[in-house]
Amino acid sequence: MTASTPPHSTAQYENSQLVSLQVNGETYEVVTEARRTLADVLRQDLGLTGTHLACEHGICGACTVLLDGAPARACLMFAAQAEGSAVRTVESLADGEELSDLQQAFSDHHGLQCGFCTSGFLMLAEGFLAERPEPSRAEIRETVASNLCRCTGYQTIVDAIEDCATKRRAAFQAQLDGESP
Amino acid sequence: MTTEPKPSDGSLIGASVARQEDPRLVSGRGRFTDDLRLPGMLYAQFVRSRVAHGTVTSLDLAPVLEVPGVVAAYSADDLKLVDITARLDRPVSEFVPTGMPVLARDRVRYAGEPLAVVVARDPYAAEDGVEAAKVEYDLRQPVTSAAQALAPEATLVHDEAPANTLLDVSMFATEGIDEVFAEAGHVVTVNTSTGRQNALPLETRGAVAEWDDRDRQLSLTTSSQVPHQVRTVAAACLGMDESAVRVIVPDMGGGFGLKCVVGREEIVTAAAALRLRRPVKWTEDRKDALTASFLGREQHYDARAAFSAEGRLLALDADIVCDMGAYSCYPFTAGIEPMMASSEMPSVYRLPAYRVRARAVTTNKAPSAPYRGVSRPQYVQVVERLFERAARELGMDAVELRRRNLITEFPYTGVNNVTYDPGSYLESLNLCEQTMRDEGWYELRERAAAEGRHLGIGYSCFSERTGYGSKAFAQRKMEVVPGFDISEVRMDVSGALVVTTGTMSHGQSHETTFAQIAASELGLELSRVRVHQGDTNRVTYGWGTYASRSVSIGGSAVRRAARQLGEKLCAIAAARWDVPVAEVELGRAAVRHRADGAQLTFAELADVAYLKSHLLPPELEPGLSETASFDVSTDGTFSNATHGTVVELHPGTGQVEILRYVCVEDCGVAINPRVVDGQTRGGIAQGVAGALFERITYDDQGEPSATSFMDYKVPTALETPEVSVHHLETPCAFTETGAKGVGEGGTIGAPAAVLNAVNDALTPTGVELDSTPVTPETVARALEHAS
């Protein structure tokens, strides 16, 4: 059966508010119901569908984004709670067609198969390596345990992050060596 | 026969090239079903049964329509869809067909069964609408276990299925087997149960449907491993011509078998879109995915094996009961698990006498689909436990006992009437054991024991039938017989290639491996080959991706089509040079004249085929497009492997820590070895999950106890071992590339290896465990028992 009355054209705005979001360096103004999550607003309102949803209760981490540089579950926050913070999503990593070193490392090590969890792992690793540029393999594995992957068995995700960290350190050292007299 | 894999000879076969899929997937530019947004799109969710078994006395959707944002709500009576019924060509004494209503009508058979669909302007409003539905039930006694299902006077889940039995077959019974058992020196038994699991693709199921007025076609985008089977069922349920239905599968976030059957919700989504003439999207939430989609693996084995004093396997006798839940899945039926177990259980061993009875029972739980490995993780677990137990009884090393019984001469036709093509059963066991010895795990185990620690080493040997052709499926008496696949290989005017396939990658990297096959055949660069899949408008029919069939069957179709295209390119070149076709050959992206080295590039030949067709001889059609199919007329091709693992049991917590995991696998020619490693490691992770962690349970009212990841323990990186993968290569003689399938092997071998290692560690306690998952409670109790 179909709703007989016209479907409440204004009702959805009753509990709505204007939310200003900073995402990937751009400012967006969104009118949204207060109950809508950051993940849903990113995906549905801003069209940033790289952030994925796989559990919507904060366990799997597929929706991980960076909030002021720190990994956060976009499914566990209302969009309004992200006001005033800088949000980064997976779409920010590459420079056009040029993959970042982290993205490249995931590909090089076969750190993804179906690719559904990958955005979350990338953002988790991006935040983690910024905080901890010289992690041990055990620390990487512990951090990788924040999210779920059903395809890879995790080993190649750990490999990718370790490789990326090693190369970043080497590049940083080379830069220092170049600068020293 | 068996060799270490050779380095690539310049061909792309055997090269671990970068995946074509990766750039978009690491950039958030993959396109998954839920990413799709169409103008005017509406959102669907389902009113689901709150009870496991009952009659619906009242379903009131009027309050749903009062909810702001709700556009429509439909019940079974509104949509009048034809049931989904999967059948076997067997007498009712062996198989009882049962319809699965697309929406439950008056009877509900599991908690979570869909009763009505709510369509709203946004996903939140759809959820609000679902909550407003009023459903009343007359409760019936739920059947929540196989034992209950088979008990005398049990409530019937389907009135037409006596004893709640959907399938009851005895596929093999060697004459005189009772005498063999009576006279055998040693008879060992294993009674075991395996936990019900969710295959758990990270992307839940989902669909977007719309009526396309211009094409006069229903367009159904869905996350499915079997696009053509969805098309067949959707057309039948909706009463449409099949050509009026187009099924599109975009990027898929995993499947593992859960998505190789046709779901009810995708059909309802299509029906709603047709009714409303607006696009409708349904995205399953995790609670529904855990409780109301498809599950698998809950099996019970009562098995015994007879051995001679010298350790020869003499006979195997098994009674298998599979708890298939409420309905038969399409196209495989509830017979999928028991028939798979029956036909394959002799495993990798020479077995003179075999008897098996296998049943599918129906219970008030979400139905089963063929989850990665399908029964093979279970029967391998049983057979490998039988070998371990026999070794103890015979006072013999269990690896040596396996060695004495492995099939070593091929082809081998077993007592199960299956012919096994060549494999490296013994070599893989030897290499796996040697690796463990070389790494010093045996010494470490002794040292650890002296320190009061509990280390154990375990192995499993198995083979995995891949490339099931129509013959193999017909032997199972499926009414709908999968088997072949079709590929079109098309060259464009610029000389680039588009490969179309009826298989459906959902993580397996077919965009890369199928491109490698076609590019190698034609001497093209990989970047000039694109692989298209997941669109039923582009392939007449296909069977999708499951049963490790894609590279062996789909890949063979690709190679055949590519070869035909190469022949046509040669014919065009020969005509242009006015020489016999025998004087030309394929070069790198060109056809060469053998004698004088002259060449015409593919682009030049395509220019003739499309833009200068007046230059073609009359016997050559314009255009460059070839289609080929491939089927397997034998019993299929068997990949094989040995897994070895070392575990440590921790007293107190009962934790099973995996210290080492080694897999020696042989999938014939590995098209892309890194992809093979990935499939193997990922498969092992799922096998470990089944061995130690995951189990779907129900209370006595049939209420599922795991409704979120808080209650269903999916292993993380901290519980999942690193795996060393060693490759052996026994090429398949009859696939076009020499490849065998590799998608499921990891999952098949892991539970048995882990369980054997746990038991090895438990040896001093006298406790033996045969069932999975092995929980920390069980282990802690066993260790306490000892101390």
# chains A, B, ... in the order shown; residues from 1 in each chain; ligands from 1
$ residues_around --residues "Met1 in chain A" --least-positions-apart "5" --cutoff "7 Å" --atoms "only C-alpha atoms" --output "JSON, numbers by chain"
{"B": [72, 73, 74]}
$ residues_around --residues "Leu620 in chain B" --least-positions-apart "4" --cutoff "12 Å" --atoms "only C-alpha atoms" --output "MDAnalysis selection string"
chainID B and resid 567:576 608:610 613:616 624:625
$ write_last_selection --atoms "C-alpha atoms" --output "JSON list (two decimals), in the first residue's frame"
[["chain", "number", "residue", "atom", "x", "y", "z"],
["B", 567, "GLU", "CA", 43.15, -16.54, -35.33],
["B", 568, "LYS", "CA", 40.92, -13.94, -36.90],
["B", 569, "LEU", "CA", 43.65, -11.30, -36.69],
["B", 570, "CYS", "CA", 46.00, -13.74, -38.39],
["B", 571, "ALA", "CA", 43.42, -14.44, -41.09],
["B", 572, "ILE", "CA", 43.00, -10.73, -41.79],
["B", 573, "ALA", "CA", 46.76, -10.24, -42.00],
["B", 574, "ALA", "CA", 47.18, -13.25, -44.27],
["B", 575, "ALA", "CA", 44.48, -11.88, -46.54],
["B", 576, "ARG", "CA", 46.14, -8.47, -46.63],
["B", 608, "VAL", "CA", 40.75, -2.89, -41.63],
["B", 609, "ALA", "CA", 38.21, -4.90, -39.63],
["B", 610, "TYR", "CA", 36.16, -1.84, -38.73],
["B", 613, "SER", "CA", 35.96, -3.56, -44.24],
["B", 614, "HIS", "CA", 35.81, -3.44, -48.02],
["B", 615, "LEU", "CA", 39.36, -4.81, -47.88],
["B", 616, "LEU", "CA", 38.25, -7.96, -46.03],
["B", 624, "LEU", "CA", 36.74, -8.10, -34.04],
["B", 625, "SER", "CA", 34.70, -9.91, -31.46]]
$ residues_around --residues "range 651-659 of chain B" --least-positions-apart "2" --cutoff "8 Å" --atoms "only C-alpha atoms" --output "list in words"
Thr645, Val646, Val647, Glu648, Leu649, Tyr661, Leu692, Glu719, Thr720, Pro721, Val758, Thr775, Pro776, Glu777, Thr778, Val779, Ala780, Arg781, Leu783 and Glu784 of chain B
$ write_last_selection --atoms "N, CA and C atoms" --output "compact mmCIF listing (two decimals), in the first residue's frame"
# COMPACT_ATOMS: atom_id res chain seq x y z
N THR B 645 50.72 -26.20 11.58
CA THR B 645 50.65 -25.06 12.49
C THR B 645 51.14 -25.45 13.88
N VAL B 646 51.62 -24.46 14.59
CA VAL B 646 52.07 -24.64 15.96
C VAL B 646 51.25 -23.73 16.84
N VAL B 647 50.66 -24.28 17.88
CA VAL B 647 49.88 -23.45 18.80
C VAL B 647 50.45 -23.56 20.21
N GLU B 648 50.18 -22.55 20.98
CA GLU B 648 50.46 -22.63 22.42
C GLU B 648 49.16 -22.36 23.17
N LEU B 649 48.87 -23.22 24.11
CA LEU B 649 47.66 -23.04 24.93
C LEU B 649 48.05 -22.33 26.23
N TYR B 661 52.39 -20.73 11.19
CA TYR B 661 51.45 -21.34 10.25
C TYR B 661 52.14 -21.47 8.89
N LEU B 692 38.41 -21.42 15.96
CA LEU B 692 38.63 -20.90 17.32
C LEU B 692 37.62 -19.84 17.78
N GLU B 719 44.43 -11.87 16.43
CA GLU B 719 44.11 -13.29 16.54
C GLU B 719 44.48 -14.07 15.28
N THR B 720 44.86 -13.36 14.25
CA THR B 720 45.08 -14.02 12.96
C THR B 720 46.58 -14.20 12.73
N PRO B 721 47.01 -15.42 12.42
CA PRO B 721 48.45 -15.67 12.30
C PRO B 721 49.04 -15.16 10.99
N VAL B 758 45.96 -28.18 18.60
CA VAL B 758 45.41 -28.02 19.95
C VAL B 758 45.43 -29.37 20.67
N THR B 775 36.69 -23.19 22.10
CA THR B 775 36.60 -21.92 22.83
C THR B 775 37.63 -21.87 23.96
N PRO B 776 37.95 -20.68 24.42
CA PRO B 776 38.87 -20.55 25.56
C PRO B 776 38.37 -21.32 26.78
N GLU B 777 37.05 -21.35 26.99
CA GLU B 777 36.51 -22.07 28.13
C GLU B 777 36.89 -23.55 28.06
N THR B 778 36.72 -24.13 26.85
CA THR B 778 37.04 -25.55 26.67
C THR B 778 38.50 -25.81 26.98
N VAL B 779 39.35 -24.95 26.45
CA VAL B 779 40.79 -25.16 26.61
C VAL B 779 41.18 -24.98 28.08
N ALA B 780 40.64 -23.94 28.69
CA ALA B 780 40.98 -23.68 30.10
C ALA B 780 40.55 -24.87 30.96
N ARG B 781 39.36 -25.38 30.68
CA ARG B 781 38.87 -26.54 31.45
C ARG B 781 39.76 -27.75 31.25
N LEU B 783 42.90 -27.83 30.49
CA LEU B 783 44.19 -27.66 31.16
C LEU B 783 44.04 -27.79 32.68
N GLU B 784 42.92 -27.30 33.20
CA GLU B 784 42.66 -27.44 34.64
C GLU B 784 42.53 -28.90 35.01
$ closest_residue --among "B:Gly30, B:Pro97, B:Gly523, B:Gly745" --to "chain A" --atoms "only C-alpha atoms"
B:Gly30
$ residues_around --residues "Glu585 in chain B" --least-positions-apart "2" --cutoff "12 Å" --atoms "only C-alpha atoms" --output "PyMOL selection string"
chain B and resi 521-523+563+566-574+579-583+587-601
$ interface_residues --of "chain B" --to "chain A" --cutoff "6 Å" --atoms "only C-alpha atoms" --output "list in words"
Asp22, Leu25, Val26, Ser27, Gly28, Asp35, Leu65, Pro68, Gly69, Val71, Ala72, Ala73, Tyr74, Leu202, Glu203, Gly253, Gly254, Arg286, His506, Gly507, Arg681, Gly682, Ala685, Thr716, Ala717, Leu718 and Glu722 of chain B
$ atom_distance --atom1 "CA of Thr204 in chain B" --atom2 "CA of Gln45 in chain B"
13.5 Å
$ closest_atom_pairs --of "range 507-554 of chain B" --to "range 321-341 of chain B" --cutoff "12 Å" --atoms "only C-alpha atoms" --output "tab-separated table"
residue	atom	partner	partner_atom	distance
B:Trp543	CA	B:Pro331	CA	10.5
B:Tyr546	CA	B:Phe332	CA	11.5
B:Ala547	CA	B:Met340	CA	11.0
$ residues_around --residues "range 214-224 of chain B" --least-positions-apart "5" --cutoff "10 Å" --atoms "only C-alpha atoms" --output "JSON, numbers by chain"
{"B": [32, 33, 34, 36, 203, 204, 205, 206, 207, 208, 209, 229, 230, 231, 234, 235, 240, 241, 242, 243, 244, 245, 246, 247, 248, 249, 250, 251, 252, 253, 254, 255, 257, 258, 259, 260, 261, 262, 263, 266, 267, 269, 270, 271, 273, 274, 279, 280, 281, 282, 283, 504, 505, 506, 534, 535, 544, 545]}
$ atom_distance --atom1 "CA of Met396 in chain B" --atom2 "CA of Val725 in chain B"
27.9 Å
$ select_by_dssp --residues "chain A" --states "alpha helix (DSSP H)" --output "ChimeraX atom specification"
/A:38-40,101-108,118-131,137-144,155-179
$ decode --residues "range 99-128 of chain A" --atoms "N, CA and C atoms" --output "CSV table (one decimal), in the first residue's frame"
chain,number,residue,atom,x,y,z
A,99,LEU,N,48.9,8.3,-6.6
A,99,LEU,CA,48.6,7.7,-5.3
A,99,LEU,C,49.7,8.1,-4.2
A,100,SER,N,49.2,8.2,-3.0
A,100,SER,CA,50.2,8.5,-1.9
A,100,SER,C,51.0,7.3,-1.7
A,101,ASP,N,52.1,7.5,-0.9
A,101,ASP,CA,53.0,6.4,-0.6
A,101,ASP,C,52.3,5.3,0.1
A,102,LEU,N,51.3,5.7,1.0
A,102,LEU,CA,50.6,4.7,1.8
A,102,LEU,C,49.6,3.9,0.8
A,103,GLN,N,49.0,4.6,0.0
A,103,GLN,CA,48.1,3.9,-1.0
A,103,GLN,C,48.9,2.9,-1.8
A,104,GLN,N,50.0,3.4,-2.3
A,104,GLN,CA,50.8,2.6,-3.2
A,104,GLN,C,51.3,1.3,-2.5
A,105,ALA,N,51.7,1.5,-1.2
A,105,ALA,CA,52.2,0.4,-0.4
A,105,ALA,C,51.1,-0.7,-0.2
A,106,PHE,N,49.8,-0.2,0.0
A,106,PHE,CA,48.7,-1.2,0.1
A,106,PHE,C,48.6,-2.0,-1.2
A,107,SER,N,48.8,-1.3,-2.4
A,107,SER,CA,48.7,-2.0,-3.6
A,107,SER,C,49.9,-3.0,-3.8
A,108,ASP,N,51.1,-2.4,-3.5
A,108,ASP,CA,52.3,-3.2,-3.7
A,108,ASP,C,52.3,-4.5,-2.9
A,109,HIS,N,51.7,-4.5,-1.7
A,109,HIS,CA,51.7,-5.6,-0.8
A,109,HIS,C,50.5,-6.5,-0.9
A,110,HIS,N,49.6,-6.2,-1.8
A,110,HIS,CA,48.3,-6.9,-1.9
A,110,HIS,C,47.6,-6.8,-0.6
A,111,GLY,N,47.6,-5.6,-0.1
A,111,GLY,CA,47.0,-5.3,1.2
A,111,GLY,C,45.4,-5.1,1.1
A,112,LEU,N,44.9,-5.4,0.0
A,112,LEU,CA,43.5,-5.3,-0.2
A,112,LEU,C,43.0,-6.4,-1.3
A,113,GLN,N,41.8,-6.9,-1.1
A,113,GLN,CA,41.3,-7.8,-2.1
A,113,GLN,C,40.0,-7.2,-2.6
A,114,CYS,N,38.9,-7.3,-1.8
A,114,CYS,CA,37.6,-6.7,-2.3
A,114,CYS,C,37.7,-5.2,-2.1
A,115,GLY,N,38.5,-4.6,-1.2
A,115,GLY,CA,38.7,-3.2,-1.1
A,115,GLY,C,37.7,-2.5,-0.2
A,116,PHE,N,36.7,-3.2,0.4
A,116,PHE,CA,35.7,-2.6,1.1
A,116,PHE,C,36.2,-2.0,2.4
A,117,CYS,N,37.0,-2.7,3.1
A,117,CYS,CA,37.6,-2.2,4.4
A,117,CYS,C,38.7,-1.2,4.2
A,118,THR,N,39.2,-1.1,3.0
A,118,THR,CA,40.5,-0.5,2.7
A,118,THR,C,40.5,1.0,3.1
A,119,SER,N,39.5,1.7,2.8
A,119,SER,CA,39.5,3.1,3.2
A,119,SER,C,39.7,3.3,4.7
A,120,GLY,N,39.1,2.5,5.5
A,120,GLY,CA,39.2,2.6,6.9
A,120,GLY,C,40.6,2.3,7.4
A,121,PHE,N,41.2,1.2,6.8
A,121,PHE,CA,42.6,0.9,7.1
A,121,PHE,C,43.6,2.0,6.7
A,122,LEU,N,43.3,2.6,5.5
A,122,LEU,CA,44.2,3.6,5.1
A,122,LEU,C,44.2,4.8,6.0
A,123,MET,N,43.0,5.2,6.4
A,123,MET,CA,42.9,6.4,7.3
A,123,MET,C,43.4,6.1,8.7
A,124,LEU,N,43.1,4.8,9.1
A,124,LEU,CA,43.7,4.4,10.4
A,124,LEU,C,45.2,4.5,10.4
A,125,ALA,N,45.8,4.0,9.3
A,125,ALA,CA,47.3,4.0,9.2
A,125,ALA,C,47.8,5.4,9.0
A,126,GLU,N,47.1,6.2,8.3
A,126,GLU,CA,47.5,7.6,8.0
A,126,GLU,C,47.6,8.3,9.4
A,127,GLY,N,46.6,8.2,10.2
A,127,GLY,CA,46.6,8.8,11.5
A,127,GLY,C,47.7,8.2,12.4
A,128,PHE,N,47.8,6.9,12.4
A,128,PHE,CA,48.8,6.2,13.2
A,128,PHE,C,50.2,6.6,12.9
